[in-house]
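Here is start.cif, consisting of mmCIF, C-alpha atoms:
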```cif
data_start
loop_
_atom_site.group_PDB
_atom_site.id
_atom_site.type_symbol
_atom_site.label_atom_id
_atom_site.label_comp_id
_atom_site.auth_asym_id
_atom_site.auth_seq_id
_atom_site.Cartn_x
_atom_site.Cartn_y
_atom_site.Cartn_z
ATOM 1 C CA MET E 1 24.345 11.150 5.809
ATOM 2 C CA THR E 2 26.010 7.908 6.737
ATOM 3 C CA ASP E 3 29.119 5.817 7.021
ATOM 4 C CA GLY E 4 27.394 2.421 7.026
ATOM 5 C CA LEU E 5 24.680 2.928 4.432
ATOM 6 C CA ASN E 6 24.747 5.148 1.380
ATOM 7 C CA TRP E 7 21.226 6.543 1.663
ATOM 8 C CA LYS E 8 19.586 8.154 -1.343
ATOM 9 C CA ILE E 9 16.239 9.236 -2.695
ATOM 10 C CA PHE E 10 15.261 6.811 -5.441
ATOM 11 C CA GLU E 11 14.144 8.418 -8.678
ATOM 12 C CA ALA E 12 11.417 7.009 -10.896
ATOM 13 C CA GLN E 13 13.962 5.316 -13.158
ATOM 14 C CA ASP E 14 15.503 3.493 -10.154
ATOM 15 C CA TYR E 15 12.213 1.685 -9.713
ATOM 16 C CA CYS E 16 12.450 -0.038 -13.094
ATOM 17 C CA LEU E 17 15.032 -2.357 -11.526
ATOM 18 C CA LEU E 18 13.726 -2.186 -7.957
ATOM 19 C CA ARG E 19 10.272 -3.444 -8.947
ATOM 20 C CA LYS E 20 11.837 -6.573 -10.446
ATOM 21 C CA GLU E 21 14.024 -7.080 -7.365
ATOM 22 C CA LEU E 22 11.051 -6.717 -4.986
ATOM 23 C CA TYR E 23 8.532 -8.711 -7.011
ATOM 24 C CA GLY E 24 9.429 -12.015 -5.359
ATOM 25 C CA ILE E 25 9.210 -10.881 -1.731
ATOM 26 C CA PRO E 26 6.527 -12.756 0.246
ATOM 27 C CA TRP E 27 4.982 -9.779 2.045
ATOM 28 C CA TYR E 28 1.460 -8.337 1.788
ATOM 29 C CA GLY E 29 1.801 -4.889 3.405
ATOM 30 C CA SER E 30 1.114 -1.612 1.640
ATOM 31 C CA ASP E 31 4.556 -0.346 2.722
ATOM 32 C CA THR E 32 5.983 -3.198 0.608
ATOM 33 C CA SER E 33 4.443 -1.737 -2.538
ATOM 34 C CA PRO E 34 7.125 -0.226 -4.807
ATOM 35 C CA ALA E 35 4.610 2.382 -5.951
ATOM 36 C CA ASN E 36 3.865 3.433 -2.360
ATOM 37 C CA LEU E 37 7.569 3.780 -1.617
ATOM 38 C CA TYR E 38 7.739 6.207 -4.519
ATOM 39 C CA PHE E 39 4.516 8.125 -3.823
ATOM 40 C CA LEU E 40 5.267 8.559 -0.099
ATOM 41 C CA GLN E 41 8.959 9.379 -0.459
ATOM 42 C CA LYS E 42 8.430 13.111 -0.038
ATOM 43 C CA LYS E 43 5.746 12.887 2.648
ATOM 44 C CA TYR E 44 7.857 10.710 4.967
ATOM 45 C CA ASP E 45 11.315 11.644 3.610
ATOM 46 C CA ILE E 46 12.061 8.018 2.780
ATOM 47 C CA ARG E 47 15.690 7.223 1.990
ATOM 48 C CA MET E 48 16.765 3.843 0.651
ATOM 49 C CA CYS E 49 19.921 1.861 0.052
ATOM 50 C CA ARG E 50 20.786 -1.460 -1.604
ATOM 51 C CA LYS E 51 23.462 -3.393 0.278
ATOM 52 C CA ASP E 52 24.353 -7.094 0.663
ATOM 53 C CA SER E 53 21.269 -8.215 -1.320
ATOM 54 C CA PHE E 54 18.920 -6.224 0.928
ATOM 55 C CA LEU E 55 16.941 -3.048 0.472
ATOM 56 C CA PHE E 56 17.208 -0.814 3.543
ATOM 57 C CA ARG E 57 14.678 1.954 4.194
ATOM 58 C CA TYR E 58 14.701 4.870 6.619
ATOM 59 C CA TYR E 59 11.621 7.017 7.243
ATOM 60 C CA SER E 60 12.010 10.548 8.652
ATOM 61 C CA GLY E 61 8.315 11.356 9.062
ATOM 62 C CA GLU E 62 6.996 13.725 11.718
ATOM 63 C CA SER E 63 4.926 11.012 13.423
ATOM 64 C CA VAL E 64 6.791 8.592 15.726
ATOM 65 C CA ASN E 65 5.283 5.703 13.766
ATOM 66 C CA ARG E 66 6.826 7.053 10.572
ATOM 67 C CA ARG E 67 10.313 7.625 11.929
ATOM 68 C CA GLY E 68 12.630 4.631 11.860
ATOM 69 C CA TYR E 69 13.881 1.710 9.789
ATOM 70 C CA GLY E 70 11.627 -0.473 7.705
ATOM 71 C CA PHE E 71 12.016 -4.237 7.698
ATOM 72 C CA PRO E 72 15.051 -5.004 5.471
ATOM 73 C CA PHE E 73 13.776 -6.553 2.242
ATOM 74 C CA ALA E 74 15.748 -9.405 0.704
ATOM 75 C CA LEU E 75 16.132 -8.588 -2.983
ATOM 76 C CA LEU E 76 15.553 -11.050 -5.779
ATOM 77 C CA ASP E 77 18.553 -11.702 -8.014
ATOM 78 C CA ILE E 78 16.914 -11.053 -11.367
ATOM 79 C CA ASN E 79 19.672 -12.962 -13.161
ATOM 80 C CA SER E 80 18.971 -16.184 -11.250
ATOM 81 C CA ALA E 81 16.301 -18.806 -11.933
ATOM 82 C CA ARG E 82 14.683 -18.269 -8.530
ATOM 83 C CA THR E 83 11.251 -16.644 -8.464
ATOM 84 C CA SER E 84 11.333 -15.440 -4.865
ATOM 85 C CA ALA E 85 13.814 -13.621 -2.652
ATOM 86 C CA GLU E 86 15.231 -15.928 0.006
ATOM 87 C CA TYR E 87 17.201 -15.393 3.199
ATOM 88 C CA ASP E 88 17.765 -17.068 6.557
ATOM 89 C CA SER E 89 18.289 -15.938 10.143
ATOM 90 C CA LYS E 90 22.024 -15.423 9.567
ATOM 91 C CA SER E 91 21.535 -13.003 6.669
ATOM 92 C CA LEU E 92 18.699 -11.211 8.480
ATOM 93 C CA ALA E 93 20.965 -10.893 11.543
ATOM 94 C CA SER E 94 23.607 -9.306 9.329
ATOM 95 C CA ALA E 95 21.010 -6.863 7.981
ATOM 96 C CA LEU E 96 19.867 -5.964 11.505
ATOM 97 C CA LYS E 97 23.495 -5.391 12.530
ATOM 98 C CA THR E 98 23.810 -3.018 9.574
ATOM 99 C CA ILE E 99 20.779 -1.095 10.875
ATOM 100 C CA ILE E 100 22.207 -0.963 14.406
ATOM 101 C CA SER E 101 25.548 0.301 13.087
ATOM 102 C CA ASP E 102 23.888 2.917 10.872
ATOM 103 C CA ALA E 103 21.768 4.128 13.801
ATOM 104 C CA GLN E 104 24.897 4.521 15.933
ATOM 105 C CA ASN E 105 26.715 6.378 13.158
ATOM 106 C CA ASN E 106 23.788 8.765 12.742
ATOM 107 C CA ASN E 107 22.950 9.199 16.453
ATOM 108 C CA ARG E 108 19.433 7.770 16.254
ATOM 109 C CA GLU E 109 17.505 4.820 17.646
ATOM 110 C CA PRO E 110 17.613 1.470 15.806
ATOM 111 C CA LYS E 111 13.831 1.566 15.724
ATOM 112 C CA LEU E 112 11.897 -0.741 13.400
ATOM 113 C CA ILE E 113 8.562 0.503 12.080
ATOM 114 C CA LEU E 114 5.659 -0.851 10.005
ATOM 115 C CA VAL E 115 6.657 -4.452 10.734
ATOM 116 C CA SER E 116 4.030 -7.066 9.835
ATOM 117 C CA GLU E 117 3.230 -10.060 12.059
ATOM 118 C CA ARG E 118 5.222 -12.413 9.823
ATOM 119 C CA GLN E 119 8.181 -10.017 9.717
ATOM 120 C CA LYS E 120 7.994 -9.675 13.496
ATOM 121 C CA THR E 121 8.165 -13.465 13.800
ATOM 122 C CA GLU E 122 11.228 -13.523 11.525
ATOM 123 C CA ILE E 123 12.958 -10.885 13.644
ATOM 124 C CA ASP E 124 12.089 -12.641 16.936
ATOM 125 C CA LYS E 125 13.510 -15.913 15.582
ATOM 126 C CA CYS E 126 16.631 -14.109 14.414
ATOM 127 C CA LEU E 127 17.163 -12.520 17.849
ATOM 128 C CA ALA E 128 16.695 -15.889 19.551
ATOM 129 C CA ASP E 129 19.018 -17.813 17.221
ATOM 130 C CA GLU E 130 21.636 -15.370 15.958
ATOM 131 C CA LEU E 131 21.515 -11.914 17.512
ATOM 132 C CA THR E 132 21.274 -13.078 21.111
ATOM 133 C CA GLY E 133 22.774 -9.916 22.571
ATOM 134 C CA TYR E 134 19.752 -7.868 21.522
ATOM 135 C CA LYS E 135 16.055 -7.775 22.338
ATOM 136 C CA ILE E 136 13.053 -5.795 21.183
ATOM 137 C CA GLU E 137 9.838 -4.813 22.958
ATOM 138 C CA TRP E 138 7.038 -4.654 20.418
ATOM 139 C CA VAL E 139 3.987 -2.388 20.351
ATOM 140 C CA THR E 140 1.283 -2.226 17.703
ATOM 141 C CA GLU E 141 -0.955 0.527 16.324
ATOM 142 C CA ARG E 142 -4.402 -0.501 15.077
ATOM 143 C CA ASN E 143 -4.752 2.672 12.994
ATOM 144 C CA ASP E 144 -1.906 1.434 10.754
ATOM 145 C CA SER E 145 -3.342 -2.037 10.065
ATOM 146 C CA ASP E 146 -3.913 -2.926 6.404
ATOM 147 C CA TYR E 147 -7.201 -4.453 5.259
ATOM 148 C CA MET E 148 -6.766 -7.492 3.001
ATOM 149 C CA TYR E 149 -9.617 -8.920 0.926
ATOM 150 C CA SER E 150 -10.034 -11.882 -1.373
ATOM 151 C CA SER E 151 -10.221 -10.342 -4.848
ATOM 152 C CA ARG E 152 -12.513 -13.129 -6.045
ATOM 153 C CA ALA E 153 -14.876 -12.661 -3.101
ATOM 154 C CA LEU E 154 -15.208 -8.941 -3.861
ATOM 155 C CA ALA E 155 -15.780 -9.755 -7.534
ATOM 156 C CA GLU E 156 -18.477 -12.345 -6.849
ATOM 157 C CA LEU E 157 -20.166 -10.937 -3.687
ATOM 158 C CA LYS E 158 -21.645 -14.345 -2.873
ATOM 159 C CA GLY E 159 -23.601 -15.321 0.219
ATOM 160 C CA LYS E 160 -25.075 -13.538 3.206
ATOM 161 C CA THR E 161 -21.739 -11.949 4.079
ATOM 162 C CA TYR E 162 -22.020 -9.559 1.142
ATOM 163 C CA HIS E 163 -25.792 -9.098 1.167
ATOM 164 C CA LYS E 164 -25.619 -5.365 1.971
ATOM 165 C CA LYS E 165 -22.925 -4.750 -0.641
ATOM 166 C CA LYS E 166 -25.005 -6.534 -3.276
ATOM 167 C CA ASN E 167 -27.917 -4.304 -2.338
ATOM 168 C CA HIS E 168 -25.746 -1.191 -2.772
ATOM 169 C CA LEU E 169 -24.529 -2.476 -6.137
ATOM 170 C CA SER E 170 -28.076 -3.321 -7.212
ATOM 171 C CA ARG E 171 -29.231 0.160 -6.248
ATOM 172 C CA PHE E 172 -26.566 1.696 -8.452
ATOM 173 C CA MET E 173 -27.489 -0.538 -11.381
ATOM 174 C CA ARG E 174 -31.228 0.154 -10.989
ATOM 175 C CA THR E 175 -30.744 3.893 -10.599
ATOM 176 C CA TYR E 176 -28.483 4.193 -13.632
ATOM 177 C CA GLU E 177 -29.750 1.253 -15.682
ATOM 178 C CA ASN E 178 -28.216 1.187 -19.188
ATOM 179 C CA ARG E 179 -26.520 4.520 -18.412
ATOM 180 C CA TRP E 180 -23.304 3.384 -16.725
ATOM 181 C CA LYS E 181 -20.040 1.794 -17.823
ATOM 182 C CA PHE E 182 -16.560 1.085 -16.467
ATOM 183 C CA LYS E 183 -13.422 1.805 -18.466
ATOM 184 C CA SER E 184 -9.960 0.583 -17.491
ATOM 185 C CA LEU E 185 -6.941 2.835 -17.025
ATOM 186 C CA LYS E 186 -5.404 1.729 -20.316
ATOM 187 C CA GLU E 187 -8.352 3.027 -22.380
ATOM 188 C CA GLU E 188 -8.215 6.380 -24.134
ATOM 189 C CA GLY E 189 -9.082 9.432 -22.044
ATOM 190 C CA VAL E 190 -9.333 7.557 -18.746
ATOM 191 C CA SER E 191 -6.223 9.146 -17.203
ATOM 192 C CA GLU E 192 -7.658 12.627 -17.784
ATOM 193 C CA ASP E 193 -10.979 11.544 -16.263
ATOM 194 C CA ILE E 194 -9.243 10.166 -13.156
ATOM 195 C CA VAL E 195 -7.771 13.625 -12.581
ATOM 196 C CA LYS E 196 -11.182 15.200 -13.227
ATOM 197 C CA VAL E 197 -12.921 13.014 -10.633
ATOM 198 C CA SER E 198 -10.165 13.722 -8.112
ATOM 199 C CA SER E 199 -10.409 17.476 -8.692
ATOM 200 C CA ILE E 200 -14.199 17.580 -8.331
ATOM 201 C CA TRP E 201 -14.060 15.295 -5.277
ATOM 202 C CA MET E 202 -11.513 17.638 -3.675
ATOM 203 C CA GLY E 203 -13.919 20.543 -4.195
ATOM 204 C CA GLU E 204 -16.787 18.585 -2.651
ATOM 205 C CA ASN E 205 -14.709 17.776 0.430
ATOM 206 C CA GLY E 206 -13.160 21.209 0.925
ATOM 207 C CA ASN E 207 -14.178 21.310 4.600
ATOM 208 C CA ASP E 208 -11.532 18.672 5.321
ATOM 209 C CA ASP E 209 -7.810 19.487 5.521
ATOM 210 C CA LEU E 210 -7.394 21.131 2.122
ATOM 211 C CA GLU E 211 -3.614 20.831 2.104
ATOM 212 C CA VAL E 212 -3.835 17.055 2.655
ATOM 213 C CA LEU E 213 -6.405 16.790 -0.155
ATOM 214 C CA ARG E 214 -4.168 18.786 -2.484
ATOM 215 C CA MET E 215 -1.205 16.536 -1.703
ATOM 216 C CA GLU E 216 -3.279 13.456 -2.498
ATOM 217 C CA HIS E 217 -4.513 15.044 -5.731
ATOM 218 C CA GLU E 218 -0.910 15.705 -6.738
ATOM 219 C CA SER E 219 -0.033 12.104 -5.851
ATOM 220 C CA ILE E 220 -2.752 10.889 -8.211
ATOM 221 C CA LYS E 221 -1.328 12.975 -11.041
ATOM 222 C CA GLN E 222 2.153 11.739 -10.163
ATOM 223 C CA ALA E 223 0.945 8.123 -10.243
ATOM 224 C CA LEU E 224 -0.452 8.632 -13.728
ATOM 225 C CA SER E 225 2.849 10.099 -14.922
ATOM 226 C CA VAL E 226 4.709 6.916 -13.909
ATOM 227 C CA SER E 227 1.925 4.428 -14.595
ATOM 228 C CA GLU E 228 4.045 2.257 -16.900
ATOM 229 C CA ILE E 229 6.935 1.964 -14.434
ATOM 230 C CA PHE E 230 4.646 0.673 -11.690
ATOM 231 C CA SER E 231 2.158 -1.223 -13.890
ATOM 232 C CA MET E 232 -0.629 0.941 -12.510
ATOM 233 C CA MET E 233 -4.140 -0.395 -12.943
ATOM 234 C CA GLY E 234 -7.615 0.889 -12.196
ATOM 235 C CA GLY E 235 -10.277 2.778 -14.062
ATOM 236 C CA VAL E 236 -13.227 5.137 -14.089
ATOM 237 C CA LEU E 237 -16.946 4.602 -13.602
ATOM 238 C CA TYR E 238 -19.154 6.662 -15.920
ATOM 239 C CA VAL E 239 -22.823 7.625 -15.824
ATOM 240 C CA ASP E 240 -24.211 9.203 -18.976
ATOM 241 C CA ASP E 241 -20.577 9.390 -20.163
ATOM 242 C CA LYS E 242 -19.706 11.575 -17.169
ATOM 243 C CA PRO E 243 -16.833 10.321 -14.948
ATOM 244 C CA VAL E 244 -18.259 9.841 -11.442
ATOM 245 C CA ALA E 245 -15.782 7.529 -9.652
ATOM 246 C CA MET E 246 -12.176 6.425 -10.019
ATOM 247 C CA THR E 247 -9.755 3.908 -8.586
ATOM 248 C CA MET E 248 -6.000 3.337 -8.960
ATOM 249 C CA ALA E 249 -3.859 0.435 -7.781
ATOM 250 C CA SER E 250 -0.607 -1.389 -8.469
ATOM 251 C CA PRO E 251 0.737 -4.911 -7.918
ATOM 252 C CA VAL E 252 2.817 -5.541 -4.799
ATOM 253 C CA ASN E 253 3.814 -8.931 -6.169
ATOM 254 C CA SER E 254 2.200 -11.781 -8.124
ATOM 255 C CA TYR E 255 -0.589 -12.303 -5.589
ATOM 256 C CA VAL E 256 -1.370 -8.908 -4.013
ATOM 257 C CA VAL E 257 -2.711 -5.678 -5.529
ATOM 258 C CA ASP E 258 -2.484 -2.485 -3.468
ATOM 259 C CA VAL E 259 -5.370 -0.024 -3.923
ATOM 260 C CA HIS E 260 -3.867 3.453 -3.579
ATOM 261 C CA PHE E 261 -6.765 5.749 -4.489
ATOM 262 C CA GLU E 262 -10.551 5.507 -4.708
ATOM 263 C CA LYS E 263 -12.861 8.512 -5.126
ATOM 264 C CA CYS E 264 -16.552 8.859 -5.855
ATOM 265 C CA LEU E 265 -18.606 12.011 -6.394
ATOM 266 C CA GLY E 266 -21.172 12.626 -3.669
ATOM 267 C CA GLU E 267 -24.417 12.380 -5.653
ATOM 268 C CA TYR E 268 -23.425 8.983 -7.048
ATOM 269 C CA ALA E 269 -21.902 7.727 -3.796
ATOM 270 C CA ALA E 270 -25.354 8.041 -2.233
ATOM 271 C CA ASN E 271 -26.660 5.633 -4.880
ATOM 272 C CA GLY E 272 -24.049 2.907 -4.488
ATOM 273 C CA ALA E 273 -21.206 4.075 -6.745
ATOM 274 C CA TYR E 274 -18.501 3.093 -4.242
ATOM 275 C CA ALA E 275 -19.816 -0.476 -4.253
ATOM 276 C CA ALA E 276 -19.974 -0.329 -8.053
ATOM 277 C CA ILE E 277 -16.402 0.870 -8.656
ATOM 278 C CA ASN E 278 -15.089 -1.592 -6.074
ATOM 279 C CA TRP E 279 -16.931 -4.461 -7.783
ATOM 280 C CA CYS E 280 -15.920 -3.400 -11.294
ATOM 281 C CA PHE E 281 -12.250 -3.174 -10.373
ATOM 282 C CA ALA E 282 -12.243 -6.439 -8.401
ATOM 283 C CA ASN E 283 -13.479 -8.202 -11.525
ATOM 284 C CA THR E 284 -10.387 -7.038 -13.424
ATOM 285 C CA VAL E 285 -7.841 -8.437 -10.903
ATOM 286 C CA THR E 286 -9.121 -11.917 -10.003
ATOM 287 C CA ASP E 287 -5.757 -13.368 -11.094
ATOM 288 C CA TYR E 288 -4.384 -11.868 -7.876
ATOM 289 C CA GLU E 289 -5.308 -13.502 -4.581
ATOM 290 C CA PHE E 290 -5.708 -10.384 -2.462
ATOM 291 C CA LEU E 291 -6.621 -6.736 -2.646
ATOM 292 C CA ASN E 292 -4.867 -4.626 -0.011
ATOM 293 C CA ARG E 293 -7.063 -1.597 0.656
ATOM 294 C CA GLU E 294 -4.547 -0.109 3.116
ATOM 295 C CA GLU E 295 -5.132 1.368 6.569
ATOM 296 C CA ASP E 296 -8.010 3.398 8.032
ATOM 297 C CA MET E 297 -5.740 5.942 9.824
ATOM 298 C CA GLY E 298 -8.093 5.819 12.804
ATOM 299 C CA VAL E 299 -10.886 7.566 10.893
ATOM 300 C CA GLU E 300 -14.102 6.103 12.293
ATOM 301 C CA GLY E 301 -16.121 6.293 9.070
ATOM 302 C CA LEU E 302 -13.301 4.811 7.022
ATOM 303 C CA ARG E 303 -12.828 1.964 9.495
ATOM 304 C CA LYS E 304 -16.542 1.177 9.389
ATOM 305 C CA ALA E 305 -16.497 1.161 5.575
ATOM 306 C CA LYS E 306 -13.453 -1.122 5.380
ATOM 307 C CA LEU E 307 -14.867 -3.545 7.946
ATOM 308 C CA SER E 308 -18.165 -3.657 6.042
ATOM 309 C CA TYR E 309 -16.362 -5.473 3.198
ATOM 310 C CA HIS E 310 -15.355 -8.256 5.639
ATOM 311 C CA PRO E 311 -11.548 -8.361 5.327
ATOM 312 C CA ASP E 312 -9.925 -11.781 5.181
ATOM 313 C CA ILE E 313 -6.891 -10.389 6.993
ATOM 314 C CA ILE E 314 -6.367 -7.328 9.153
ATOM 315 C CA LEU E 315 -2.618 -6.951 8.754
ATOM 316 C CA ASP E 316 -1.313 -5.392 11.960
ATOM 317 C CA LYS E 317 1.902 -3.347 12.014
ATOM 318 C CA TRP E 318 4.427 -3.469 14.849
ATOM 319 C CA TYR E 319 7.055 -1.064 16.210
ATOM 320 C CA GLY E 320 10.061 -1.586 18.457
ATOM 321 C CA VAL E 321 13.615 -0.515 19.271
ATOM 322 C CA LEU E 322 16.537 -2.938 19.165
ATOM 323 C CA THR E 323 18.308 -2.744 22.540
ATOM 324 C CA ARG E 324 21.054 -4.738 24.209
ATOM 325 C CA CYS E 325 19.952 -7.425 26.644
#
```
Here is the file; what I need is its structure written in the form of structure tokens.
Amino acid sequence: MTDGLNWKIFEAQDYCLLRKELYGIPWYGSDTSPANLYFLQKKYDIRMCRKDSFLFRYYSGESVNRRGYGFPFALLDINSARTSAEYDSKSLASALKTIISDAQNNNREPKLILVSERQKTEIDKCLADELTGYKIEWVTERNDSDYMYSSRALAELKGKTYHKKKNHLSRFMRTYENRWKFKSLKEEGVSEDIVKVSSIWMGENGNDDLEVLRMEHESIKQALSVSEIFSMMGGVLYVDDKPVAMTMASPVNSYVVDVHFEKCLGEYAANGAYAAINWCFANTVTDYEFLNREEDMGVEGLRKAKLSYHPDIILDKWYGVLTRC
């Protein structure tokens, strides 16, 4: 597909190395998550390439915001003593030139997508200092913004800020007193119960786009099949030994966990089970600074729910085309 970059679809086994190479990168976004790159490969036709100590990504999604080049990730040399991937404006300029050349070779725009505020700042500095013959006009899309939360805050639910969430949690505990428990993903039978919750939830929400729900259900099963590669975490909430809610996540790096899936059966959701599974899981990941609960996709109810947990950061994403000055 290319002269400049040897694009390929990464297989599950490729991620054994890639996860180690990406673990030191200082980014928070859900698109940075190695697991998400794998799960969304088919949906957005993501191709990747390692070159010059960078990971290049190209998305061929149907939406304009999912068609273009991702921010080039500096890869950690796993044989060095460094614990984070480092680069400067000169190496980033070289990576951007590689993108421009590849775009020319493949007759497409050198468009950058899903760029975080910090990445945008890095690119702007690079254009000002090194790549002075190019400019970029940025636009943002609120529907793509990630919601970042302090894991400890969600585990403790202290103060007036979380008063409503504590009430929801208390309702669940009162309603199902001495009848509920949470089991982590690593415990026996939990993987099967995650699939069971997802299947029942899909049936309850059949009035939505069924094909989209089926794709997500398949993604959940896929995530379980590669759980060791991506260090998947999560668990199931039970009432009377019946699985009623599930969550699955994976580490982006040493300080961010990305929550990929969260489902709760309707009867129990009405009695606070979403608050309960969120709280239970948060208490298992307090060694990480943040939980990234991903974007709201412009869904009004989902946006309201994510805002109700009072995000510490709303991580905006930016889009722009590299053009000559």
The distance between CA of Ala249 (chain E) and CA of Pro26 (chain E) is 18.6 Å
Contact residues around region 38-54 of chain E with only C-alpha atoms at 10 Å, ignoring same-chain residues under 6 positions, as an mmCIF file with C-alpha atoms, keeping the file's coordinate frame:
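Writing done, so here's out.cif:
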```cif
data_model
loop_
_atom_site.group_PDB
_atom_site.id
_atom_site.type_symbol
_atom_site.label_atom_id
_atom_site.label_comp_id
_atom_site.auth_asym_id
_atom_site.auth_seq_id
_atom_site.Cartn_x
_atom_site.Cartn_y
_atom_site.Cartn_z
ATOM 1 C CA GLY E 4 27.394 2.421 7.026
ATOM 2 C CA LEU E 5 24.680 2.928 4.432
ATOM 3 C CA ASN E 6 24.747 5.148 1.380
ATOM 4 C CA TRP E 7 21.226 6.543 1.663
ATOM 5 C CA LYS E 8 19.586 8.154 -1.343
ATOM 6 C CA ILE E 9 16.239 9.236 -2.695
ATOM 7 C CA PHE E 10 15.261 6.811 -5.441
ATOM 8 C CA GLU E 11 14.144 8.418 -8.678
ATOM 9 C CA ALA E 12 11.417 7.009 -10.896
ATOM 10 C CA ASP E 14 15.503 3.493 -10.154
ATOM 11 C CA TYR E 15 12.213 1.685 -9.713
ATOM 12 C CA LEU E 18 13.726 -2.186 -7.957
ATOM 13 C CA GLU E 21 14.024 -7.080 -7.365
ATOM 14 C CA LEU E 22 11.051 -6.717 -4.986
ATOM 15 C CA ASP E 31 4.556 -0.346 2.722
ATOM 16 C CA SER E 60 12.010 10.548 8.652
ATOM 17 C CA GLY E 61 8.315 11.356 9.062
ATOM 18 C CA GLU E 62 6.996 13.725 11.718
ATOM 19 C CA SER E 63 4.926 11.012 13.423
ATOM 20 C CA ARG E 66 6.826 7.053 10.572
ATOM 21 C CA ARG E 67 10.313 7.625 11.929
ATOM 22 C CA GLY E 68 12.630 4.631 11.860
ATOM 23 C CA TYR E 69 13.881 1.710 9.789
ATOM 24 C CA GLY E 70 11.627 -0.473 7.705
ATOM 25 C CA PHE E 71 12.016 -4.237 7.698
ATOM 26 C CA PRO E 72 15.051 -5.004 5.471
ATOM 27 C CA PHE E 73 13.776 -6.553 2.242
ATOM 28 C CA ALA E 74 15.748 -9.405 0.704
ATOM 29 C CA LEU E 75 16.132 -8.588 -2.983
ATOM 30 C CA LEU E 76 15.553 -11.050 -5.779
ATOM 31 C CA ASP E 77 18.553 -11.702 -8.014
ATOM 32 C CA ALA E 85 13.814 -13.621 -2.652
ATOM 33 C CA GLU E 86 15.231 -15.928 0.006
ATOM 34 C CA TYR E 87 17.201 -15.393 3.199
ATOM 35 C CA SER E 91 21.535 -13.003 6.669
ATOM 36 C CA LEU E 92 18.699 -11.211 8.480
ATOM 37 C CA SER E 94 23.607 -9.306 9.329
ATOM 38 C CA ALA E 95 21.010 -6.863 7.981
ATOM 39 C CA THR E 98 23.810 -3.018 9.574
ATOM 40 C CA MET E 215 -1.205 16.536 -1.703
ATOM 41 C CA GLU E 216 -3.279 13.456 -2.498
ATOM 42 C CA GLU E 218 -0.910 15.705 -6.738
ATOM 43 C CA SER E 219 -0.033 12.104 -5.851
ATOM 44 C CA ILE E 220 -2.752 10.889 -8.211
ATOM 45 C CA GLN E 222 2.153 11.739 -10.163
ATOM 46 C CA ALA E 223 0.945 8.123 -10.243
ATOM 47 C CA VAL E 226 4.709 6.916 -13.909
ATOM 48 C CA PHE E 230 4.646 0.673 -11.690
ATOM 49 C CA HIS E 260 -3.867 3.453 -3.579
#
```
What would the selection look like, as a VMD selection string, if the PyMOL selection byres ((chain E and resi 256) around 6) were run on the coordinates I just shared?
chain E and resid 251 to 253 255 257 288 290 to 291
* Can you find the residues with an atom no farther than 12 Å from (24.5, -2.3, 13.3), counting all atoms listed in the file, and report them as a list in words? -> Asp3, Gly4, Leu5, Tyr69, Leu92, Ala93, Ser94, Ala95, Leu96, Lys97, Thr98, Ile99, Ile100, Ser101, Asp102, Ala103, Gln104, Asn105, Asn106, Arg108, Glu109, Pro110, Lys111, Leu131, Tyr134, Leu322, Thr323 and Arg324 of chain E
Decode the PyMOL selection byres ((chain E and resi 172) around 9) for the given file into explicit residues and return them as number ranges by chain.
E: 167-171, 173-177, 268-273, 275-276
- Measure the distance from CA of Met232 (chain E) to CA of Leu185 (chain E) in Å and round it to one decimal.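 Those two atoms sit 8.0 Å apart.
One finds CA of Phe261 (chain E) at 16.8 Å from CA of Leu210 (chain E).
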Using only C-alpha atoms, what does the table of region 95-205 of chain E residues within 12 Å of region 283-286 of chain E look like, with each row giving the shortest atom pair and its distance in Å to one decimal, sorted by chain and ascending number, as a Markdown table?
```
| residue | atom | partner | partner_atom | distance |
| --- | --- | --- | --- | --- |
| E:Tyr149 | CA | E:Thr286 | CA | 11.3 |
| E:Ser150 | CA | E:Thr286 | CA | 8.7 |
| E:Ser151 | CA | E:Thr286 | CA | 5.5 |
| E:Arg152 | CA | E:Thr286 | CA | 5.4 |
| E:Ala153 | CA | E:Thr286 | CA | 9.0 |
| E:Leu154 | CA | E:Asn283 | CA | 7.9 |
| E:Ala155 | CA | E:Asn283 | CA | 4.9 |
| E:Glu156 | CA | E:Asn283 | CA | 8.0 |
| E:Leu157 | CA | E:Asn283 | CA | 10.7 |
| E:Phe182 | CA | E:Thr284 | CA | 10.6 |
| E:Lys183 | CA | E:Thr284 | CA | 10.6 |
| E:Ser184 | CA | E:Thr284 | CA | 8.6 |
| E:Leu185 | CA | E:Thr284 | CA | 11.1 |
```
Got time to write the residues from that selection, C-alpha atoms, as a short mmCIF file (atom, residue, chain, number, x, y, z; two decimals), in the coordinates of the input?
```cif
data_model
loop_
_atom_site.label_atom_id
_atom_site.label_comp_id
_atom_site.auth_asym_id
_atom_site.auth_seq_id
_atom_site.Cartn_x
_atom_site.Cartn_y
_atom_site.Cartn_z
CA TYR E 149 -9.62 -8.92 0.93
CA SER E 150 -10.03 -11.88 -1.37
CA SER E 151 -10.22 -10.34 -4.85
CA ARG E 152 -12.51 -13.13 -6.04
CA ALA E 153 -14.88 -12.66 -3.10
CA LEU E 154 -15.21 -8.94 -3.86
CA ALA E 155 -15.78 -9.76 -7.53
CA GLU E 156 -18.48 -12.34 -6.85
CA LEU E 157 -20.17 -10.94 -3.69
CA PHE E 182 -16.56 1.08 -16.47
CA LYS E 183 -13.42 1.80 -18.47
CA SER E 184 -9.96 0.58 -17.49
CA LEU E 185 -6.94 2.84 -17.02
#
```
When you count only C-alpha atoms, which of these residues is closest to Asp258 (chain E): E:Arg57, E:Lys166, E:Arg293, E:Lys125?
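Checking each of E:Arg57, E:Lys166, E:Arg293, E:Lys125 against Asp258 (chain E), counting only C-alpha atoms, the winner is E:Arg293.
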